[in-house]
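Undergrad: Provided herewith: work32.cif, mmCIF, N, CA and C atoms.
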data_upload
#
loop_
_atom_site.label_atom_id
_atom_site.label_comp_id
_atom_site.auth_asym_id
_atom_site.auth_seq_id
_atom_site.Cartn_x
_atom_site.Cartn_y
_atom_site.Cartn_z
N MET A 1 29.23 -28.49 10.05
CA MET A 1 28.37 -27.40 9.66
C MET A 1 28.90 -26.11 10.29
N GLN A 2 28.96 -25.06 9.50
CA GLN A 2 29.42 -23.76 9.97
C GLN A 2 28.49 -22.69 9.42
N ILE A 3 28.07 -21.76 10.31
CA ILE A 3 27.31 -20.60 9.89
C ILE A 3 28.23 -19.40 10.08
N ARG A 4 28.48 -18.68 8.99
CA ARG A 4 29.41 -17.56 9.05
C ARG A 4 28.84 -16.38 8.28
N PRO A 5 29.36 -15.18 8.55
CA PRO A 5 28.88 -14.01 7.82
C PRO A 5 29.07 -14.15 6.31
N PHE A 6 28.12 -13.65 5.58
CA PHE A 6 28.15 -13.60 4.13
C PHE A 6 29.30 -12.72 3.67
N THR A 7 29.98 -13.13 2.62
CA THR A 7 30.99 -12.31 1.96
C THR A 7 30.60 -12.20 0.48
N PRO A 8 31.11 -11.20 -0.23
CA PRO A 8 30.79 -11.08 -1.65
C PRO A 8 31.10 -12.35 -2.46
N ALA A 9 32.07 -13.11 -2.03
CA ALA A 9 32.41 -14.35 -2.73
C ALA A 9 31.28 -15.39 -2.65
N ASP A 10 30.36 -15.21 -1.70
CA ASP A 10 29.23 -16.14 -1.54
C ASP A 10 28.05 -15.81 -2.45
N THR A 11 28.12 -14.69 -3.13
CA THR A 11 26.95 -14.16 -3.84
C THR A 11 26.32 -15.18 -4.78
N GLU A 12 27.08 -15.78 -5.66
CA GLU A 12 26.48 -16.67 -6.67
C GLU A 12 25.88 -17.93 -6.02
N ALA A 13 26.55 -18.48 -5.01
CA ALA A 13 26.00 -19.66 -4.32
C ALA A 13 24.70 -19.32 -3.62
N VAL A 14 24.66 -18.16 -2.96
CA VAL A 14 23.45 -17.74 -2.25
C VAL A 14 22.31 -17.47 -3.23
N LEU A 15 22.62 -16.81 -4.34
CA LEU A 15 21.58 -16.53 -5.33
C LEU A 15 21.04 -17.81 -5.95
N ALA A 16 21.89 -18.80 -6.16
CA ALA A 16 21.42 -20.08 -6.70
C ALA A 16 20.47 -20.76 -5.72
N ILE A 17 20.80 -20.74 -4.44
CA ILE A 17 19.92 -21.33 -3.42
C ILE A 17 18.60 -20.56 -3.38
N TRP A 18 18.69 -19.22 -3.37
CA TRP A 18 17.49 -18.38 -3.31
C TRP A 18 16.56 -18.68 -4.49
N LEU A 19 17.10 -18.73 -5.70
CA LEU A 19 16.27 -18.94 -6.87
C LEU A 19 15.65 -20.33 -6.87
N GLU A 20 16.45 -21.35 -6.64
CA GLU A 20 15.94 -22.72 -6.67
C GLU A 20 14.88 -22.93 -5.59
N ALA A 21 15.15 -22.46 -4.38
CA ALA A 21 14.20 -22.64 -3.29
C ALA A 21 12.95 -21.80 -3.50
N SER A 22 13.10 -20.59 -4.03
CA SER A 22 11.93 -19.74 -4.29
C SER A 22 11.02 -20.36 -5.33
N LEU A 23 11.60 -20.89 -6.39
CA LEU A 23 10.79 -21.54 -7.43
C LEU A 23 10.04 -22.75 -6.87
N GLN A 24 10.70 -23.52 -6.03
CA GLN A 24 10.06 -24.71 -5.47
C GLN A 24 8.97 -24.35 -4.47
N ALA A 25 9.25 -23.43 -3.56
CA ALA A 25 8.32 -23.12 -2.47
C ALA A 25 7.14 -22.26 -2.93
N HIS A 26 7.33 -21.53 -4.01
CA HIS A 26 6.32 -20.57 -4.44
C HIS A 26 5.79 -20.94 -5.83
N HIS A 27 5.34 -22.16 -5.97
CA HIS A 27 4.82 -22.67 -7.24
C HIS A 27 3.61 -21.87 -7.72
N PHE A 28 2.99 -21.11 -6.82
CA PHE A 28 1.80 -20.32 -7.12
C PHE A 28 2.13 -18.94 -7.70
N ILE A 29 3.43 -18.65 -7.85
CA ILE A 29 3.88 -17.37 -8.43
C ILE A 29 4.62 -17.67 -9.72
N ASP A 30 4.37 -16.88 -10.74
CA ASP A 30 5.00 -17.05 -12.04
C ASP A 30 6.53 -17.09 -11.87
N PRO A 31 7.19 -18.14 -12.37
CA PRO A 31 8.66 -18.21 -12.26
C PRO A 31 9.38 -16.98 -12.80
N ALA A 32 8.79 -16.30 -13.75
CA ALA A 32 9.42 -15.09 -14.31
C ALA A 32 9.64 -14.03 -13.23
N TYR A 33 8.76 -13.99 -12.22
CA TYR A 33 8.91 -13.03 -11.13
C TYR A 33 10.23 -13.25 -10.40
N TRP A 34 10.55 -14.51 -10.11
CA TRP A 34 11.79 -14.83 -9.37
C TRP A 34 13.01 -14.54 -10.22
N HIS A 35 12.96 -14.92 -11.49
CA HIS A 35 14.09 -14.66 -12.39
C HIS A 35 14.33 -13.15 -12.53
N ALA A 36 13.24 -12.37 -12.58
CA ALA A 36 13.36 -10.91 -12.71
C ALA A 36 13.95 -10.28 -11.46
N ASN A 37 13.88 -10.97 -10.33
CA ASN A 37 14.39 -10.42 -9.08
C ASN A 37 15.81 -10.85 -8.75
N LEU A 38 16.46 -11.59 -9.62
CA LEU A 38 17.86 -11.97 -9.38
C LEU A 38 18.76 -10.74 -9.30
N ALA A 39 18.64 -9.84 -10.24
CA ALA A 39 19.50 -8.65 -10.23
C ALA A 39 19.26 -7.79 -8.99
N PRO A 40 18.00 -7.48 -8.62
CA PRO A 40 17.80 -6.72 -7.38
C PRO A 40 18.33 -7.44 -6.14
N MET A 41 18.22 -8.75 -6.12
CA MET A 41 18.79 -9.50 -4.98
C MET A 41 20.30 -9.28 -4.92
N ARG A 42 20.96 -9.42 -6.07
CA ARG A 42 22.41 -9.28 -6.16
C ARG A 42 22.87 -7.86 -5.84
N GLU A 43 22.19 -6.88 -6.41
CA GLU A 43 22.68 -5.51 -6.38
C GLU A 43 22.16 -4.66 -5.21
N THR A 44 20.98 -5.01 -4.69
CA THR A 44 20.36 -4.17 -3.66
C THR A 44 20.15 -4.91 -2.35
N TYR A 45 19.39 -6.00 -2.39
CA TYR A 45 18.94 -6.63 -1.15
C TYR A 45 20.06 -7.30 -0.36
N LEU A 46 20.88 -8.11 -1.02
CA LEU A 46 21.98 -8.76 -0.29
C LEU A 46 22.97 -7.74 0.28
N PRO A 47 23.39 -6.74 -0.49
CA PRO A 47 24.33 -5.77 0.09
C PRO A 47 23.75 -4.98 1.27
N ALA A 48 22.43 -4.77 1.30
CA ALA A 48 21.80 -3.97 2.36
C ALA A 48 21.56 -4.75 3.64
N ALA A 49 21.62 -6.07 3.56
CA ALA A 49 21.24 -6.92 4.69
C ALA A 49 22.46 -7.47 5.42
N ASP A 50 22.22 -7.92 6.66
CA ASP A 50 23.20 -8.71 7.40
C ASP A 50 22.86 -10.16 7.09
N SER A 51 23.72 -10.80 6.32
CA SER A 51 23.43 -12.17 5.88
C SER A 51 24.47 -13.14 6.42
N TYR A 52 24.02 -14.38 6.61
CA TYR A 52 24.87 -15.45 7.12
C TYR A 52 24.63 -16.68 6.25
N VAL A 53 25.70 -17.43 6.02
CA VAL A 53 25.66 -18.58 5.13
C VAL A 53 26.01 -19.84 5.91
N LEU A 54 25.24 -20.89 5.68
CA LEU A 54 25.51 -22.20 6.29
C LEU A 54 26.32 -23.02 5.29
N TRP A 55 27.50 -23.43 5.74
CA TRP A 55 28.41 -24.22 4.91
C TRP A 55 28.64 -25.58 5.53
N GLN A 56 28.78 -26.57 4.67
CA GLN A 56 29.21 -27.89 5.13
C GLN A 56 30.02 -28.53 4.00
N ASP A 57 31.18 -29.02 4.35
CA ASP A 57 32.07 -29.68 3.38
C ASP A 57 32.31 -28.81 2.14
N GLY A 58 32.51 -27.50 2.36
CA GLY A 58 32.84 -26.60 1.27
C GLY A 58 31.68 -26.21 0.38
N THR A 59 30.46 -26.54 0.78
CA THR A 59 29.29 -26.23 -0.03
C THR A 59 28.31 -25.38 0.77
N ALA A 60 27.81 -24.32 0.15
CA ALA A 60 26.77 -23.51 0.78
C ALA A 60 25.46 -24.28 0.70
N LEU A 61 24.81 -24.48 1.85
CA LEU A 61 23.56 -25.23 1.89
C LEU A 61 22.36 -24.35 2.19
N GLY A 62 22.61 -23.14 2.71
CA GLY A 62 21.51 -22.25 3.03
C GLY A 62 22.03 -20.91 3.51
N PHE A 63 21.09 -19.98 3.72
CA PHE A 63 21.47 -18.66 4.20
C PHE A 63 20.25 -17.98 4.80
N TYR A 64 20.52 -16.92 5.54
CA TYR A 64 19.45 -16.03 5.96
C TYR A 64 19.96 -14.60 5.90
N SER A 65 19.00 -13.67 5.81
CA SER A 65 19.32 -12.24 5.75
C SER A 65 18.43 -11.49 6.73
N LEU A 66 19.06 -10.60 7.49
CA LEU A 66 18.35 -9.73 8.41
C LEU A 66 18.47 -8.30 7.92
N TYR A 67 17.37 -7.58 8.01
CA TYR A 67 17.38 -6.14 7.75
C TYR A 67 16.70 -5.51 8.95
N GLU A 68 17.50 -4.88 9.80
CA GLU A 68 17.05 -4.38 11.09
C GLU A 68 16.47 -5.57 11.88
N GLU A 69 15.19 -5.51 12.28
CA GLU A 69 14.61 -6.66 13.01
C GLU A 69 13.73 -7.52 12.11
N THR A 70 13.93 -7.42 10.81
CA THR A 70 13.16 -8.23 9.87
C THR A 70 14.01 -9.39 9.35
N LEU A 71 13.45 -10.58 9.45
CA LEU A 71 14.06 -11.74 8.80
C LEU A 71 13.62 -11.66 7.35
N ALA A 72 14.45 -11.05 6.53
CA ALA A 72 14.10 -10.76 5.14
C ALA A 72 14.16 -12.00 4.25
N ALA A 73 14.99 -12.96 4.63
CA ALA A 73 15.13 -14.18 3.83
C ALA A 73 15.70 -15.28 4.70
N ILE A 74 15.23 -16.49 4.46
CA ILE A 74 15.87 -17.69 5.02
C ILE A 74 15.57 -18.80 4.03
N PHE A 75 16.61 -19.37 3.48
CA PHE A 75 16.46 -20.37 2.44
C PHE A 75 17.48 -21.49 2.62
N VAL A 76 17.03 -22.71 2.38
CA VAL A 76 17.89 -23.89 2.37
C VAL A 76 17.75 -24.52 0.99
N ALA A 77 18.86 -24.97 0.43
CA ALA A 77 18.82 -25.63 -0.87
C ALA A 77 17.78 -26.76 -0.82
N PRO A 78 16.90 -26.83 -1.82
CA PRO A 78 15.84 -27.83 -1.78
C PRO A 78 16.31 -29.26 -1.55
N THR A 79 17.47 -29.62 -2.08
CA THR A 79 17.97 -31.00 -1.87
C THR A 79 18.43 -31.24 -0.44
N GLN A 80 18.58 -30.17 0.34
CA GLN A 80 19.07 -30.28 1.72
C GLN A 80 17.98 -30.02 2.76
N GLN A 81 16.76 -29.76 2.32
CA GLN A 81 15.69 -29.45 3.26
C GLN A 81 15.29 -30.69 4.06
N GLY A 82 14.77 -30.45 5.26
CA GLY A 82 14.33 -31.54 6.13
C GLY A 82 15.44 -32.16 6.95
N ARG A 83 16.60 -31.52 6.99
CA ARG A 83 17.76 -32.06 7.72
C ARG A 83 18.16 -31.19 8.92
N GLY A 84 17.33 -30.21 9.26
CA GLY A 84 17.61 -29.36 10.41
C GLY A 84 18.39 -28.11 10.10
N TYR A 85 18.73 -27.87 8.84
CA TYR A 85 19.51 -26.69 8.49
C TYR A 85 18.70 -25.40 8.67
N GLY A 86 17.43 -25.45 8.32
CA GLY A 86 16.58 -24.28 8.51
C GLY A 86 16.47 -23.91 9.98
N LYS A 87 16.31 -24.93 10.83
CA LYS A 87 16.24 -24.68 12.28
C LYS A 87 17.55 -24.09 12.78
N ALA A 88 18.67 -24.59 12.28
CA ALA A 88 19.98 -24.08 12.70
C ALA A 88 20.14 -22.62 12.27
N LEU A 89 19.74 -22.31 11.04
CA LEU A 89 19.83 -20.93 10.56
C LEU A 89 18.93 -20.01 11.39
N LEU A 90 17.71 -20.45 11.66
CA LEU A 90 16.78 -19.62 12.42
C LEU A 90 17.26 -19.42 13.85
N ALA A 91 17.81 -20.46 14.46
CA ALA A 91 18.35 -20.33 15.82
C ALA A 91 19.49 -19.31 15.83
N HIS A 92 20.32 -19.34 14.81
CA HIS A 92 21.42 -18.38 14.69
C HIS A 92 20.87 -16.96 14.55
N ALA A 93 19.84 -16.79 13.71
CA ALA A 93 19.23 -15.47 13.51
C ALA A 93 18.65 -14.94 14.82
N LYS A 94 18.05 -15.82 15.61
CA LYS A 94 17.47 -15.40 16.89
C LYS A 94 18.54 -14.93 17.87
N GLN A 95 19.76 -15.38 17.70
CA GLN A 95 20.86 -14.93 18.55
C GLN A 95 21.34 -13.53 18.15
N GLN A 96 20.99 -13.10 16.93
CA GLN A 96 21.45 -11.81 16.43
C GLN A 96 20.53 -10.65 16.83
N ARG A 97 19.26 -10.96 17.12
CA ARG A 97 18.26 -9.93 17.41
C ARG A 97 17.36 -10.39 18.56
N PRO A 98 16.89 -9.46 19.41
CA PRO A 98 15.99 -9.85 20.50
C PRO A 98 14.56 -10.11 20.03
N ALA A 99 14.24 -9.66 18.83
CA ALA A 99 12.92 -9.88 18.25
C ALA A 99 13.06 -9.91 16.74
N LEU A 100 12.20 -10.69 16.10
CA LEU A 100 12.22 -10.81 14.64
C LEU A 100 10.80 -10.72 14.10
N ARG A 101 10.70 -10.14 12.92
CA ARG A 101 9.44 -10.11 12.18
C ARG A 101 9.73 -10.65 10.78
N LEU A 102 8.70 -11.16 10.14
CA LEU A 102 8.85 -11.66 8.78
C LEU A 102 7.52 -11.62 8.07
N GLN A 103 7.57 -11.76 6.77
CA GLN A 103 6.39 -11.90 5.94
C GLN A 103 6.51 -13.23 5.22
N VAL A 104 5.41 -13.97 5.16
CA VAL A 104 5.41 -15.28 4.51
C VAL A 104 4.10 -15.44 3.74
N TYR A 105 4.21 -15.97 2.53
CA TYR A 105 3.01 -16.22 1.73
C TYR A 105 2.17 -17.29 2.40
N GLN A 106 0.88 -17.03 2.52
CA GLN A 106 -0.01 -17.99 3.17
C GLN A 106 -0.06 -19.31 2.41
N GLN A 107 0.10 -19.27 1.10
CA GLN A 107 0.06 -20.49 0.30
C GLN A 107 1.31 -21.35 0.49
N ASN A 108 2.34 -20.80 1.09
CA ASN A 108 3.57 -21.54 1.38
C ASN A 108 3.40 -22.22 2.74
N ARG A 109 2.57 -23.25 2.76
CA ARG A 109 2.18 -23.89 4.03
C ARG A 109 3.38 -24.46 4.78
N ALA A 110 4.34 -25.02 4.08
CA ALA A 110 5.49 -25.62 4.76
C ALA A 110 6.24 -24.55 5.56
N SER A 111 6.45 -23.38 4.97
CA SER A 111 7.15 -22.31 5.68
C SER A 111 6.31 -21.76 6.83
N CYS A 112 5.01 -21.58 6.59
CA CYS A 112 4.13 -21.10 7.66
C CYS A 112 4.19 -22.04 8.86
N ASP A 113 4.07 -23.32 8.60
CA ASP A 113 4.12 -24.31 9.68
C ASP A 113 5.48 -24.31 10.37
N PHE A 114 6.54 -24.15 9.61
CA PHE A 114 7.89 -24.09 10.18
C PHE A 114 8.01 -22.92 11.15
N TYR A 115 7.60 -21.74 10.72
CA TYR A 115 7.72 -20.56 11.59
C TYR A 115 6.86 -20.70 12.85
N LEU A 116 5.66 -21.21 12.70
CA LEU A 116 4.80 -21.41 13.88
C LEU A 116 5.45 -22.39 14.86
N ALA A 117 6.05 -23.46 14.33
CA ALA A 117 6.73 -24.45 15.19
C ALA A 117 7.96 -23.87 15.87
N GLN A 118 8.53 -22.81 15.30
CA GLN A 118 9.73 -22.20 15.86
C GLN A 118 9.42 -20.98 16.73
N GLY A 119 8.17 -20.84 17.12
CA GLY A 119 7.80 -19.81 18.09
C GLY A 119 7.29 -18.50 17.52
N PHE A 120 7.12 -18.40 16.22
CA PHE A 120 6.57 -17.19 15.63
C PHE A 120 5.04 -17.21 15.79
N GLN A 121 4.48 -16.03 15.86
CA GLN A 121 3.03 -15.90 15.94
C GLN A 121 2.55 -14.99 14.83
N ILE A 122 1.36 -15.28 14.32
CA ILE A 122 0.76 -14.45 13.27
C ILE A 122 0.26 -13.16 13.92
N GLU A 123 0.71 -12.04 13.37
CA GLU A 123 0.29 -10.73 13.88
C GLU A 123 -0.72 -10.04 12.98
N ALA A 124 -0.60 -10.25 11.68
CA ALA A 124 -1.48 -9.55 10.75
C ALA A 124 -1.47 -10.27 9.40
N GLU A 125 -2.39 -9.84 8.55
CA GLU A 125 -2.49 -10.37 7.20
C GLU A 125 -2.42 -9.19 6.24
N GLN A 126 -1.80 -9.40 5.09
CA GLN A 126 -1.72 -8.35 4.09
C GLN A 126 -1.58 -8.99 2.71
N GLN A 127 -1.61 -8.16 1.69
CA GLN A 127 -1.40 -8.63 0.32
C GLN A 127 -0.06 -8.08 -0.17
N ASP A 128 0.78 -8.97 -0.69
CA ASP A 128 2.06 -8.54 -1.26
C ASP A 128 1.76 -7.64 -2.47
N PRO A 129 2.27 -6.41 -2.45
CA PRO A 129 1.97 -5.50 -3.57
C PRO A 129 2.59 -5.92 -4.90
N HIS A 130 3.60 -6.77 -4.87
CA HIS A 130 4.26 -7.20 -6.10
C HIS A 130 3.60 -8.41 -6.74
N THR A 131 3.19 -9.38 -5.91
CA THR A 131 2.61 -10.62 -6.43
C THR A 131 1.10 -10.69 -6.25
N HIS A 132 0.57 -9.85 -5.38
CA HIS A 132 -0.86 -9.82 -5.04
C HIS A 132 -1.30 -11.08 -4.31
N CYS A 133 -0.35 -11.80 -3.73
CA CYS A 133 -0.65 -12.99 -2.93
C CYS A 133 -0.81 -12.60 -1.45
N ALA A 134 -1.67 -13.33 -0.76
CA ALA A 134 -1.88 -13.07 0.66
C ALA A 134 -0.67 -13.50 1.47
N GLU A 135 -0.31 -12.67 2.44
CA GLU A 135 0.83 -12.95 3.32
C GLU A 135 0.39 -12.82 4.77
N TRP A 136 1.13 -13.50 5.62
CA TRP A 136 1.02 -13.27 7.05
C TRP A 136 2.25 -12.50 7.49
N ILE A 137 2.06 -11.57 8.41
CA ILE A 137 3.17 -10.95 9.12
C ILE A 137 3.29 -11.73 10.42
N MET A 138 4.47 -12.26 10.66
CA MET A 138 4.69 -13.08 11.85
C MET A 138 5.79 -12.43 12.68
N ALA A 139 5.75 -12.70 13.99
CA ALA A 139 6.74 -12.10 14.88
C ALA A 139 7.16 -13.12 15.94
N TRP A 140 8.39 -12.95 16.40
CA TRP A 140 8.98 -13.74 17.47
C TRP A 140 9.73 -12.77 18.39
N SER A 141 9.72 -13.07 19.67
CA SER A 141 10.48 -12.26 20.62
C SER A 141 11.13 -13.17 21.63
N ALA A 142 12.38 -12.86 21.98
CA ALA A 142 13.09 -13.63 23.00
C ALA A 142 12.40 -13.47 24.35
N ALA A 143 11.70 -12.36 24.53
CA ALA A 143 11.00 -12.11 25.78
C ALA A 143 9.74 -12.96 25.92
N GLY A 144 9.34 -13.60 24.81
CA GLY A 144 8.17 -14.45 24.86
C GLY A 144 7.00 -13.72 24.41
#
Show the structure stored in the file as structure tokens.
TA:
Amino acid sequence: MQIRPFTPADTEAVLAIWLEASLQAHHFIDPAYWHANLAPMRETYLPAADSYVLWQDGTALGFYSLYEETLAAIFVAPTQQGRGYGKALLAHAKQQRPALRLQVYQQNRASCDFYLAQGFQIEAEQQDPHTHCAEWIMAWSAAG
């Protein structure tokens, strides 16, 4: 397993993971929303972020993206979930920043539980202006 900086050559593999995992984890959001966001992910969000890709045996299995101190994305291919790759990606992200914040849909219980188990705390609640779904703002700090 290797976690390395994202390169433009990783774009299609990362987008495939993002779309597949988003559709699976967010069954409560119309799939058309995720498909409509492929182009913005490709053209705006990935280029603006510091992203890292987890590779094993020549295959991208997951990635994460940081924008300043925000964990903007962390995704593992659905067929590879439950094998510690998410923990490895998050541990790597924590080495990049002294503190992290994120937004997570409350209905995505698996992700909420994952972040809580990895030391994040709920700081606030809000509604996503795009999907109108309830989210938690969570934060982690190396200082505790």
Undergrad: Using all atoms listed in the file, pick whichever of A:Glu125, A:Pro78, A:Phe63, A:Ile3 has the shortest atom-to-atom distance to Gln24 of chain A.
TA: A:Pro78
Undergrad: For the point (-0.5, -12.7, 12.9) in file coordinates, what residues are within 12 Å, counting only C-alpha atoms? Give the answer as a ChimeraX atom specification?
TA: /A:101-104,106,112,115-116,120-126,135-140
Undergrad: Find the residues near Met1 of chain A: any atom within 10 Å, counting only C-alpha atoms, skip ones fewer than 3 places away on the same chain, and give them as number ranges by chain.
TA: A: 4, 54-61, 85, 88
Undergrad: Once DSSP has gone over the backbone, tell me which residues of chain A are in strand (DSSP E or B), as number ranges by chain.
TA: A: 2-5, 50-56, 59-67, 70-76, 99-105, 121-127, 134-141
Undergrad: Work out how far atom CA of Gln118 of chain A is from atom CA of Leu90 of chain A, in Å to one decimal.
TA: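 Between these atoms lies a distance of 8.3 Å.
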Undergrad: Expand the PyMOL selection byres ((chain A and resi 21-23) around 7) into the individual residues it matches in the shown file, reporting them as number ranges by chain.
TA: A: 16-20, 24-27, 31, 34, 75-78
Undergrad: Output N, CA and C atoms for every residue in the selection just made, as an mmCIF file, in the coordinates of the input.
TA:
data_model
loop_
_atom_site.group_PDB
_atom_site.id
_atom_site.type_symbol
_atom_site.label_atom_id
_atom_site.label_comp_id
_atom_site.auth_asym_id
_atom_site.auth_seq_id
_atom_site.Cartn_x
_atom_site.Cartn_y
_atom_site.Cartn_z
ATOM 1 N N ALA A 16 21.890 -18.800 -6.160
ATOM 2 C CA ALA A 16 21.420 -20.080 -6.700
ATOM 3 C C ALA A 16 20.470 -20.760 -5.720
ATOM 4 N N ILE A 17 20.800 -20.740 -4.440
ATOM 5 C CA ILE A 17 19.920 -21.330 -3.420
ATOM 6 C C ILE A 17 18.600 -20.560 -3.380
ATOM 7 N N TRP A 18 18.690 -19.220 -3.370
ATOM 8 C CA TRP A 18 17.490 -18.380 -3.310
ATOM 9 C C TRP A 18 16.560 -18.680 -4.490
ATOM 10 N N LEU A 19 17.100 -18.730 -5.700
ATOM 11 C CA LEU A 19 16.270 -18.940 -6.870
ATOM 12 C C LEU A 19 15.650 -20.330 -6.870
ATOM 13 N N GLU A 20 16.450 -21.350 -6.640
ATOM 14 C CA GLU A 20 15.940 -22.720 -6.670
ATOM 15 C C GLU A 20 14.880 -22.930 -5.590
ATOM 16 N N GLN A 24 10.700 -23.520 -6.030
ATOM 17 C CA GLN A 24 10.060 -24.710 -5.470
ATOM 18 C C GLN A 24 8.970 -24.350 -4.470
ATOM 19 N N ALA A 25 9.250 -23.430 -3.560
ATOM 20 C CA ALA A 25 8.320 -23.120 -2.470
ATOM 21 C C ALA A 25 7.140 -22.260 -2.930
ATOM 22 N N HIS A 26 7.330 -21.530 -4.010
ATOM 23 C CA HIS A 26 6.320 -20.570 -4.440
ATOM 24 C C HIS A 26 5.790 -20.940 -5.830
ATOM 25 N N HIS A 27 5.340 -22.160 -5.970
ATOM 26 C CA HIS A 27 4.820 -22.670 -7.240
ATOM 27 C C HIS A 27 3.610 -21.870 -7.720
ATOM 28 N N PRO A 31 7.190 -18.140 -12.370
ATOM 29 C CA PRO A 31 8.660 -18.210 -12.260
ATOM 30 C C PRO A 31 9.380 -16.980 -12.800
ATOM 31 N N TRP A 34 10.550 -14.510 -10.110
ATOM 32 C CA TRP A 34 11.790 -14.830 -9.370
ATOM 33 C C TRP A 34 13.010 -14.540 -10.220
ATOM 34 N N PHE A 75 16.610 -19.370 3.480
ATOM 35 C CA PHE A 75 16.460 -20.370 2.440
ATOM 36 C C PHE A 75 17.480 -21.490 2.620
ATOM 37 N N VAL A 76 17.030 -22.710 2.380
ATOM 38 C CA VAL A 76 17.890 -23.890 2.370
ATOM 39 C C VAL A 76 17.750 -24.520 0.990
ATOM 40 N N ALA A 77 18.860 -24.970 0.430
ATOM 41 C CA ALA A 77 18.820 -25.630 -0.870
ATOM 42 C C ALA A 77 17.780 -26.760 -0.820
ATOM 43 N N PRO A 78 16.900 -26.830 -1.820
ATOM 44 C CA PRO A 78 15.840 -27.830 -1.780
ATOM 45 C C PRO A 78 16.310 -29.260 -1.550
#
